[in-house]
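Trainee: Next up, my_file.txt (compact mmCIF, C-alpha atoms).
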# COMPACT_ATOMS: atom_id res chain seq x y z
CA MET A 1 327.44 89.79 256.98
CA SER A 2 324.28 89.89 259.02
CA THR A 3 324.21 87.39 261.86
CA ASP A 4 320.47 86.96 261.19
CA LEU A 5 321.10 85.24 257.85
CA PRO A 6 321.44 81.45 257.88
CA GLU A 7 324.75 79.72 257.30
CA PRO A 8 325.27 77.83 254.02
CA LEU A 9 323.48 74.51 253.67
CA LEU A 10 326.89 73.08 252.82
CA PHE A 11 327.94 73.75 256.41
CA GLU A 12 324.77 72.18 257.78
CA ARG A 13 325.31 69.07 255.70
CA PHE A 14 329.06 68.89 256.35
CA PRO A 15 329.82 70.59 259.71
CA ILE A 16 333.54 69.95 259.23
CA LEU A 17 333.57 72.60 256.49
CA ARG A 18 332.80 75.40 258.98
CA GLY A 19 336.38 75.52 260.11
CA VAL A 20 338.12 75.11 256.77
CA MET A 21 336.00 76.74 254.04
CA PRO A 22 335.94 80.58 253.88
CA PHE A 23 332.52 82.16 253.36
CA ARG A 24 331.06 85.67 253.58
CA ARG A 25 327.33 86.24 253.24
CA LEU A 26 326.75 88.91 250.56
CA GLY A 27 323.29 88.05 249.24
CA ASN A 28 319.85 86.95 250.31
CA PRO A 29 319.82 83.14 250.55
CA ASN A 30 316.96 80.84 249.65
CA THR A 31 315.70 82.62 246.55
CA PRO A 32 312.06 81.83 245.77
CA VAL A 33 310.87 79.34 243.17
CA GLU A 34 307.77 80.42 241.24
CA ARG A 35 305.60 78.80 238.61
CA LEU A 36 305.77 80.45 235.19
CA ARG A 37 302.06 80.07 234.54
CA GLY A 38 302.05 82.10 231.35
CA VAL A 39 305.04 80.30 229.85
CA GLY A 40 303.53 77.01 230.94
CA ALA A 41 300.18 77.82 229.33
CA GLU A 42 301.92 78.84 226.11
CA THR A 43 304.07 75.72 225.95
CA GLY A 44 301.74 73.17 227.50
CA ARG A 45 304.38 72.20 230.06
CA ASP A 46 304.86 72.71 233.80
CA VAL A 47 307.59 75.37 233.99
CA TRP A 48 309.09 76.95 237.12
CA ILE A 49 311.80 79.53 237.76
CA LYS A 50 314.30 79.96 240.60
CA ARG A 51 314.63 83.70 241.15
CA ASP A 52 318.36 84.07 241.57
CA ASP A 53 317.92 87.52 240.03
CA LEU A 54 316.84 88.44 243.58
CA TYR A 55 319.95 86.98 245.22
CA GLY A 56 322.31 89.96 245.33
CA ASN A 57 322.40 93.65 244.42
CA PRO A 58 324.18 94.11 242.16
CA GLY A 59 324.90 90.84 240.43
CA GLY A 60 321.99 88.48 241.03
CA GLY A 61 323.23 84.90 240.94
CA LYS A 62 326.83 86.01 240.41
CA VAL A 63 326.90 86.91 244.10
CA ARG A 64 326.57 83.21 244.99
CA LYS A 65 330.04 82.66 243.55
CA LEU A 66 331.49 85.78 245.18
CA GLU A 67 330.43 84.69 248.67
CA PHE A 68 332.98 81.89 248.46
CA SER A 69 335.63 83.33 246.11
CA LEU A 70 335.99 86.73 247.81
CA ALA A 71 336.04 85.04 251.21
CA ALA A 72 338.82 82.78 249.92
CA ALA A 73 340.80 85.83 248.77
CA LEU A 74 340.36 87.49 252.17
CA SER A 75 341.49 84.32 253.94
CA ARG A 76 344.75 84.48 251.95
CA GLY A 77 345.27 88.09 252.95
CA LYS A 78 344.61 89.50 249.48
CA LYS A 79 343.96 93.22 249.21
CA SER A 80 343.37 93.31 245.45
CA LEU A 81 342.26 91.05 242.63
CA ILE A 82 342.35 90.92 238.84
CA THR A 83 339.35 89.71 236.89
CA PHE A 84 338.11 89.69 233.31
CA GLY A 85 334.99 89.89 231.20
CA PRO A 86 333.21 91.56 228.30
CA LEU A 87 332.39 95.26 228.40
CA GLY A 88 329.00 94.79 230.05
CA SER A 89 330.07 91.94 232.31
CA ASN A 90 327.64 91.32 235.17
CA HIS A 91 330.45 89.39 236.88
CA VAL A 92 333.00 92.22 236.74
CA ALA A 93 330.43 94.79 237.90
CA ALA A 94 329.30 92.62 240.82
CA THR A 95 332.86 91.71 241.76
CA ALA A 96 333.98 95.34 241.77
CA VAL A 97 331.14 96.46 244.04
CA HIS A 98 331.17 93.58 246.52
CA ALA A 99 334.96 93.37 246.68
CA ARG A 100 335.15 97.08 247.50
CA ARG A 101 332.64 96.60 250.31
CA LEU A 102 334.98 93.95 251.75
CA GLY A 103 338.08 96.13 251.40
CA ILE A 104 339.47 94.47 248.26
CA SER A 105 340.32 96.61 245.24
CA THR A 106 339.46 95.27 241.79
CA LEU A 107 341.52 95.55 238.62
CA GLY A 108 339.32 94.65 235.66
CA ILE A 109 340.16 93.88 232.05
CA LEU A 110 337.20 94.32 229.69
CA VAL A 111 336.96 93.29 226.04
CA THR A 112 334.49 94.31 223.35
CA GLN A 113 331.09 92.68 222.98
CA PRO A 114 327.89 93.29 221.03
CA VAL A 115 326.09 96.22 222.62
CA GLN A 116 322.86 95.51 224.52
CA HIS A 117 320.71 97.78 226.71
CA TYR A 118 322.39 96.63 229.94
CA VAL A 119 326.01 97.12 228.83
CA ARG A 120 326.35 100.80 229.80
CA ASP A 121 324.81 100.24 233.25
CA ASN A 122 327.17 97.39 234.11
CA LEU A 123 330.15 99.25 232.66
CA ALA A 124 329.32 102.32 234.76
CA ARG A 125 329.13 100.15 237.86
CA SER A 126 332.48 98.53 237.04
CA CYS A 127 334.17 101.88 236.42
CA GLY A 128 332.69 103.30 239.61
CA SER A 129 334.23 100.59 241.78
CA ALA A 130 337.30 99.29 239.94
CA GLN A 131 340.36 100.23 237.91
CA ILE A 132 339.43 99.24 234.36
CA ARG A 133 341.53 98.46 231.28
CA PHE A 134 339.78 98.11 227.94
CA THR A 135 340.96 96.14 224.92
CA ARG A 136 339.36 95.34 221.60
CA TRP A 137 341.33 92.11 221.23
CA SER A 138 340.78 89.22 223.63
CA ALA A 139 344.17 87.76 222.67
CA THR A 140 345.86 90.62 224.55
CA VAL A 141 344.11 89.85 227.86
CA PRO A 142 346.82 87.49 229.23
CA ILE A 143 349.53 90.09 228.52
CA LEU A 144 347.53 92.88 230.14
CA ALA A 145 346.80 90.67 233.14
CA MET A 146 350.48 89.87 233.64
CA ARG A 147 351.39 93.55 233.43
CA MET A 148 348.67 94.41 235.95
CA TRP A 149 349.82 91.66 238.29
CA LEU A 150 353.48 92.77 238.15
CA ARG A 151 352.59 96.44 238.56
CA GLU A 152 350.34 95.76 241.55
CA ARG A 153 353.00 93.61 243.19
CA ARG A 154 355.67 96.26 242.59
CA ILE A 155 353.53 99.09 244.00
CA THR A 156 351.95 97.32 246.96
CA GLY A 157 354.45 94.57 247.67
CA ALA A 158 351.64 92.00 247.56
CA SER A 159 350.37 89.83 244.72
CA PRO A 160 346.71 90.24 243.69
CA ALA A 161 344.30 87.31 243.51
CA ILE A 162 343.18 86.15 240.06
CA LEU A 163 339.47 85.57 239.50
CA GLY A 164 338.60 84.01 236.15
CA PRO A 165 335.89 85.09 233.71
CA GLY A 166 332.39 84.61 235.06
CA GLY A 167 333.78 84.08 238.54
CA THR A 168 334.30 80.41 237.72
CA SER A 169 336.79 78.88 240.15
CA ILE A 170 336.72 76.02 242.63
CA ALA A 171 335.56 78.41 245.35
CA GLY A 172 333.09 80.20 243.10
CA MET A 173 331.39 77.04 241.88
CA LEU A 174 330.52 76.19 245.48
CA GLY A 175 327.87 78.90 245.19
CA TYR A 176 325.90 76.72 242.81
CA VAL A 177 326.53 73.58 244.82
CA GLU A 178 324.71 75.59 247.49
CA ALA A 179 321.92 76.44 245.02
CA ALA A 180 321.44 72.74 244.26
CA LEU A 181 321.19 71.97 247.97
CA GLU A 182 318.54 74.72 248.32
CA ILE A 183 316.51 73.17 245.50
CA ALA A 184 316.80 69.68 247.00
CA ARG A 185 315.78 70.91 250.46
CA ASP A 186 312.77 72.82 249.14
CA VAL A 187 311.61 69.84 247.08
CA ARG A 188 311.79 67.61 250.14
CA LEU A 189 309.86 70.19 252.16
CA ASP A 190 307.16 70.22 249.43
CA ARG A 191 307.68 73.91 248.73
CA PHE A 192 307.46 73.10 245.03
CA PRO A 193 307.30 69.85 243.04
CA LYS A 194 310.49 68.09 241.99
CA PRO A 195 311.55 69.12 238.49
CA ASP A 196 312.74 66.58 235.97
CA TYR A 197 315.15 69.06 234.40
CA ILE A 198 316.95 72.16 235.68
CA PHE A 199 318.01 74.61 232.96
CA VAL A 200 320.80 77.15 233.33
CA PRO A 201 322.65 79.31 230.78
CA ALA A 202 326.20 78.06 230.25
CA GLY A 203 329.09 80.42 229.53
CA THR A 204 332.13 79.53 231.60
CA CYS A 205 330.16 76.45 232.80
CA GLY A 206 330.65 77.31 236.49
CA ALA A 207 326.98 77.48 237.45
CA LEU A 208 326.16 74.31 235.50
CA ALA A 209 329.12 72.43 237.02
CA GLY A 210 328.21 73.56 240.53
CA LEU A 211 324.59 72.49 240.07
CA THR A 212 325.69 69.14 238.62
CA ALA A 213 327.98 68.47 241.59
CA GLY A 214 325.42 69.71 244.11
CA LEU A 215 322.64 67.52 242.76
CA ARG A 216 324.95 64.50 243.08
CA ILE A 217 325.69 65.39 246.70
CA ALA A 218 321.99 65.93 247.42
CA ASN A 219 321.12 62.63 245.72
CA LEU A 220 318.30 64.37 243.88
CA ASP A 221 317.29 62.60 240.67
CA VAL A 222 317.15 65.66 238.43
CA THR A 223 318.93 66.26 235.13
CA PRO A 224 320.78 69.61 234.85
CA VAL A 225 320.71 71.09 231.34
CA GLY A 226 323.09 73.77 230.11
CA VAL A 227 322.16 76.10 227.26
CA ARG A 228 325.39 77.26 225.63
CA VAL A 229 325.78 81.04 225.12
CA CYS A 230 329.41 81.30 223.96
CA SER A 231 332.12 79.37 222.09
CA ARG A 232 331.76 75.60 221.99
CA LEU A 233 335.54 75.31 222.43
CA SER A 234 335.25 76.28 226.09
CA CYS A 235 331.57 75.65 226.80
CA ASN A 236 330.81 71.96 226.43
CA ALA A 237 329.92 68.80 228.33
CA ARG A 238 333.54 67.71 228.78
CA THR A 239 334.53 71.02 230.42
CA THR A 240 331.46 70.91 232.67
CA ALA A 241 332.17 67.35 233.84
CA TRP A 242 335.82 68.22 234.54
CA LEU A 243 334.82 71.27 236.60
CA ALA A 244 332.14 69.36 238.52
CA ASN A 245 334.62 66.61 239.42
CA ARG A 246 337.11 69.23 240.62
CA VAL A 247 334.46 70.66 242.96
CA LEU A 248 333.62 67.21 244.33
CA GLY A 249 337.31 66.49 244.82
CA TYR A 250 337.85 69.78 246.64
CA LEU A 251 334.97 69.08 249.02
CA ARG A 252 336.39 65.65 249.80
CA ASP A 253 339.82 67.20 250.38
CA CYS A 254 338.17 69.54 252.90
CA GLY A 255 336.77 66.57 254.81
CA ALA A 256 333.25 66.25 253.39
CA GLU A 257 332.12 62.64 253.08
CA PHE A 258 329.52 61.63 250.51
CA ARG A 259 328.89 58.94 247.94
CA SER A 260 329.07 60.00 244.31
CA GLN A 261 330.49 58.37 241.22
CA ARG A 262 332.70 60.34 238.88
CA ILE A 263 330.73 62.63 236.58
CA ARG A 264 331.31 61.89 232.90
CA ALA A 265 330.76 64.09 229.87
CA ARG A 266 327.87 61.89 228.78
CA ASP A 267 326.17 62.67 232.10
CA VAL A 268 325.94 66.35 231.11
CA VAL A 269 323.18 67.64 228.82
CA MET A 270 324.34 70.69 226.84
CA LEU A 271 322.12 72.38 224.24
CA HIS A 272 324.21 73.96 221.49
CA GLY A 273 321.60 75.35 219.13
CA PHE A 274 320.68 78.60 220.87
CA CYS A 275 323.89 80.66 220.88
CA GLY A 276 323.27 82.36 217.55
CA LYS A 277 326.22 84.35 216.20
CA GLY A 278 328.03 84.15 219.53
CA TYR A 279 328.28 85.69 222.98
CA GLY A 280 326.17 88.80 223.42
CA HIS A 281 324.38 88.48 220.08
CA ALA A 282 320.62 88.47 220.49
CA THR A 283 318.67 85.69 218.78
CA GLU A 284 315.12 85.65 217.51
CA ALA A 285 314.21 82.69 219.73
CA GLY A 286 315.81 84.29 222.78
CA THR A 287 314.07 87.61 222.20
CA GLU A 288 310.72 85.86 221.82
CA ALA A 289 311.33 83.91 225.04
CA MET A 290 312.14 87.17 226.84
CA ARG A 291 308.93 88.75 225.56
CA LEU A 292 306.87 85.74 226.64
CA ALA A 293 308.34 85.69 230.16
CA LEU A 294 307.84 89.42 230.65
CA GLU A 295 304.35 89.73 229.20
CA SER A 296 302.90 86.54 230.66
CA ASP A 297 304.72 86.26 234.01
CA GLY A 298 306.34 89.65 234.68
CA VAL A 299 309.86 88.18 234.74
CA ARG A 300 312.72 90.07 233.07
CA LEU A 301 315.38 88.05 231.28
CA ASP A 302 318.36 89.17 229.19
CA ALA A 303 319.39 88.56 225.59
CA THR A 304 322.88 87.27 226.40
CA TYR A 305 322.14 84.51 228.92
CA THR A 306 318.70 83.78 230.30
CA GLY A 307 316.62 84.59 227.22
CA LYS A 308 318.57 81.98 225.30
CA ALA A 309 318.26 79.55 228.22
CA LEU A 310 314.46 79.88 228.24
CA ALA A 311 314.40 79.46 224.45
CA GLY A 312 316.36 76.23 224.89
CA LEU A 313 313.99 75.08 227.62
CA ILE A 314 310.91 75.73 225.49
CA GLU A 315 312.22 73.80 222.49
CA PHE A 316 313.65 70.95 224.57
CA MET A 317 310.46 70.51 226.56
CA SER A 318 308.26 70.63 223.46
CA ALA A 319 309.42 67.15 222.48
CA GLU A 320 306.66 64.57 222.83
CA ARG A 321 308.76 62.48 225.22
CA HIS A 322 308.72 65.40 227.69
CA GLU A 323 304.94 65.81 227.66
CA ARG A 324 304.64 64.97 231.36
CA ALA A 325 308.00 66.40 232.41
CA ARG A 326 308.53 69.42 234.68
CA ALA A 327 311.22 72.06 234.09
CA LEU A 328 312.95 74.59 236.36
CA LEU A 329 314.87 77.56 234.95
CA VAL A 330 317.52 79.20 237.14
CA ASN A 331 317.44 82.94 236.46
CA THR A 332 321.11 83.74 237.05
CA TRP A 333 320.93 87.27 235.62
CA ALA A 334 319.84 90.40 237.46
CA PRO A 335 318.69 93.58 235.72
CA PRO A 336 320.68 96.68 236.73
CA ILE A 337 319.24 98.33 239.84
CA ALA A 338 319.03 102.07 239.25
CA GLU A 339 319.09 102.90 242.96
CA CYS A 340 322.30 100.93 243.57
CA PRO A 341 324.70 103.68 244.73
CA ASP A 342 327.85 102.25 243.16
CA ALA A 343 327.28 103.23 239.52
CA GLY A 344 329.89 105.56 238.01
CA GLU A 345 328.69 106.79 234.62
CA LYS A 346 330.97 109.82 234.84
CA GLN A 347 333.96 107.58 235.54
CA ILE A 348 333.78 105.69 232.25
CA PRO A 349 337.07 106.60 230.50
CA ALA A 350 336.64 108.86 227.48
CA HIS A 351 337.96 106.37 224.92
CA ILE A 352 335.64 103.62 226.19
CA HIS A 353 332.72 106.07 226.29
CA ALA A 354 333.40 107.08 222.67
CA TRP A 355 333.60 103.45 221.49
CA LEU A 356 330.41 102.49 223.33
CA SER A 357 328.46 105.55 222.19
CA SER A 358 329.31 104.90 218.54
CA ARG A 359 328.04 101.31 218.81
CA GLU A 360 324.90 102.37 220.70
CA ALA A 361 324.14 104.99 218.04
CA ALA A 362 324.57 102.41 215.29
CA LYS A 363 322.05 100.11 217.02
CA GLY A 364 319.62 102.93 217.83
CA LEU A 365 320.08 102.58 221.59
CA LEU A 366 320.83 106.27 222.24
Show me, as structure tokens, the structure contained in the file I just sent.
Mentor:
Amino acid sequence: MSTDLPEPLLFERFPILRGVMPFRRLGNPNTPVERLRGVGAETGRDVWIKRDDLYGNPGGGKVRKLEFSLAAALSRGKKSLITFGPLGSNHVAATAVHARRLGISTLGILVTQPVQHYVRDNLARSCGSAQIRFTRWSATVPILAMRMWLRERRITGASPAILGPGGTSIAGMLGYVEAALEIARDVRLDRFPKPDYIFVPAGTCGALAGLTAGLRIANLDVTPVGVRVCSRLSCNARTTAWLANRVLGYLRDCGAEFRSQRIRARDVVMLHGFCGKGYGHATEAGTEAMRLALESDGVRLDATYTGKALAGLIEFMSAERHERARALLVNTWAPPIAECPDAGEKQIPAHIHAWLSSREAAKGLL
């Protein structure tokens, strides 16, 4: 970590956390907020974007979570970790690269997903920096994880850390508490006008929960809005409120003092109409939102997360009651960086390569 980079705003606000909360700077803090003039002109609303796609390479906004979760693993003396995700997981790819740079080996379990343009790039990056197991059935993931955990403990004599899908954990969600504090600080410094709504794609709900908790701590009167991109069973307002309250409780346990009432499910806005057929499946509205952002403002989004989030923002803000409202989209996704040296196309196992190639050919991506 460069000593020239600022410490987390969490530590500035709560100095007591410096001695008790592990943190390693992996990304570039204070990502810019820009006006989406083209999207705004098209929709007739004032729309802004927080460029977390510029936060870390690779991984974009995922690196926010890793700065806390990998530091927590290091503080416990962990030399390896097990994590999970779909085949083209941005989280697994980012975890594998950044964990290796910190001396932690990654064991990844990947499951099938609809094939998009970015899947092969992220898979190559994962295979280049981690030991990867592939399964077509998500129900087998817990069994594979237990076998990996036991094998690693038997071989090394030490138990690996477990990092959940999407990097969502108490430590990981602190990354988006930090993002909320950045937004609040910049609003108060008049770097951009205060939004009425902050939109974020919601998968494991970690980013949304962290933002919700952080906005409460910052006492910023802004409504966070999640746009669901996966199963409603796990991605919903109740889960988000539970996670946000866990983060607030953890901060209090660490000595942070602040006033905030318990977050309830009815305090969370979750848009459910933009997921389409499920995780990783492109939607017409999401694809159109991606086209609009790229052609009018030069911003790249993805079909799995942020395209759907912008589609949700556009429809939500089009309501007459939001005519004078201002929206901020958090771009959590980062396009693969070709010059990133950690990609390992040649290290993709043959059986995974064959499965992926057959799906790419069927979709005309080869």
Trainee: Have a look at atom CA of Arg64 of chain A and atom CA of Arg153 of chain A and let me know their distance in Å, one decimal.
Mentor: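 It comes out at 28.5 Å.
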Trainee: From the set A:Ala180, A:Leu87, A:Cys275, A:Ala285, which residue has the shortest atom-to-atom contact distance to Gln116 of chain A, counting only C-alpha atoms?
Mentor: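 Looking at the shortest contact to Gln116 of chain A, the residue is A:Leu87.
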Trainee: Could you please determine the separation between atom CA of His272 of chain A and atom CA of Thr239 of chain A in Å, to one decimal place?
Mentor: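 Atom CA of Thr239 of chain A lies at a distance of 14.0 Å from atom CA of His272 of chain A.
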Trainee: Please measure the separation of atom CA of Val299 of chain A and atom CA of Ser89 of chain A, giving the value in Å to one decimal.
Mentor: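 About the pair atom CA of Val299 of chain A and atom CA of Ser89 of chain A: they are 20.7 Å apart.
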Trainee: Go through A:Thr304, A:Asn245, A:Asn219, A:Thr140 one by one, measure the shortest atom-to-atom distance of each to Ala202 of chain A using only C-alpha atoms, and give the residue with the smallest value.
Mentor: A:Thr304
Trainee: Hey, what's within 12 Å of Leu356 of chain A if we count all atoms listed in the file and toss same-chain stuff fewer than 6 positions away? As a PDB file with C-alpha atoms, keeping the file's coordinate frame, please?
Mentor:
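Result file result_3.pdb:
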ATOM      1  CA  LEU A  87     332.390  95.260 228.400  1.00  0.00           C
ATOM      2  CA  GLY A  88     329.000  94.790 230.050  1.00  0.00           C
ATOM      3  CA  VAL A 111     336.960  93.290 226.040  1.00  0.00           C
ATOM      4  CA  THR A 112     334.490  94.310 223.350  1.00  0.00           C
ATOM      5  CA  GLN A 113     331.090  92.680 222.980  1.00  0.00           C
ATOM      6  CA  PRO A 114     327.890  93.290 221.030  1.00  0.00           C
ATOM      7  CA  VAL A 115     326.090  96.220 222.620  1.00  0.00           C
ATOM      8  CA  GLN A 116     322.860  95.510 224.520  1.00  0.00           C
ATOM      9  CA  HIS A 117     320.710  97.780 226.710  1.00  0.00           C
ATOM     10  CA  TYR A 118     322.390  96.630 229.940  1.00  0.00           C
ATOM     11  CA  VAL A 119     326.010  97.120 228.830  1.00  0.00           C
ATOM     12  CA  ARG A 120     326.350 100.800 229.800  1.00  0.00           C
ATOM     13  CA  ASP A 121     324.810 100.240 233.250  1.00  0.00           C
ATOM     14  CA  LEU A 123     330.150  99.250 232.660  1.00  0.00           C
ATOM     15  CA  ALA A 124     329.320 102.320 234.760  1.00  0.00           C
ATOM     16  CA  PHE A 134     339.780  98.110 227.940  1.00  0.00           C
ATOM     17  CA  ARG A 136     339.360  95.340 221.600  1.00  0.00           C
ATOM     18  CA  ILE A 348     333.780 105.690 232.250  1.00  0.00           C
ATOM     19  CA  PRO A 349     337.070 106.600 230.500  1.00  0.00           C
ATOM     20  CA  ALA A 350     336.640 108.860 227.480  1.00  0.00           C
ATOM     21  CA  ALA A 362     324.570 102.410 215.290  1.00  0.00           C
ATOM     22  CA  LYS A 363     322.050 100.110 217.020  1.00  0.00           C
ATOM     23  CA  LEU A 365     320.080 102.580 221.590  1.00  0.00           C
ATOM     24  CA  LEU A 366     320.830 106.270 222.240  1.00  0.00           C
TER      25      LEU A 366
END
Trainee: Just the residues within 10 Å of Met148 of chain A, please, counting all atoms listed in the file, with nothing from its chain fewer than 3 positions along; format it as an MDAnalysis selection string.
Mentor: chainID A and resid 81:82 107:109 133 142:145 151:154 160
Trainee: With only C-alpha atoms as the counted atoms, please give the residues lying no more than 8 Å from Gly203 of chain A, apart from itself and same-chain residues fewer than 2 positions off, as a ChimeraX atom specification.
Mentor: /A:166,201,205-206,228-230,235
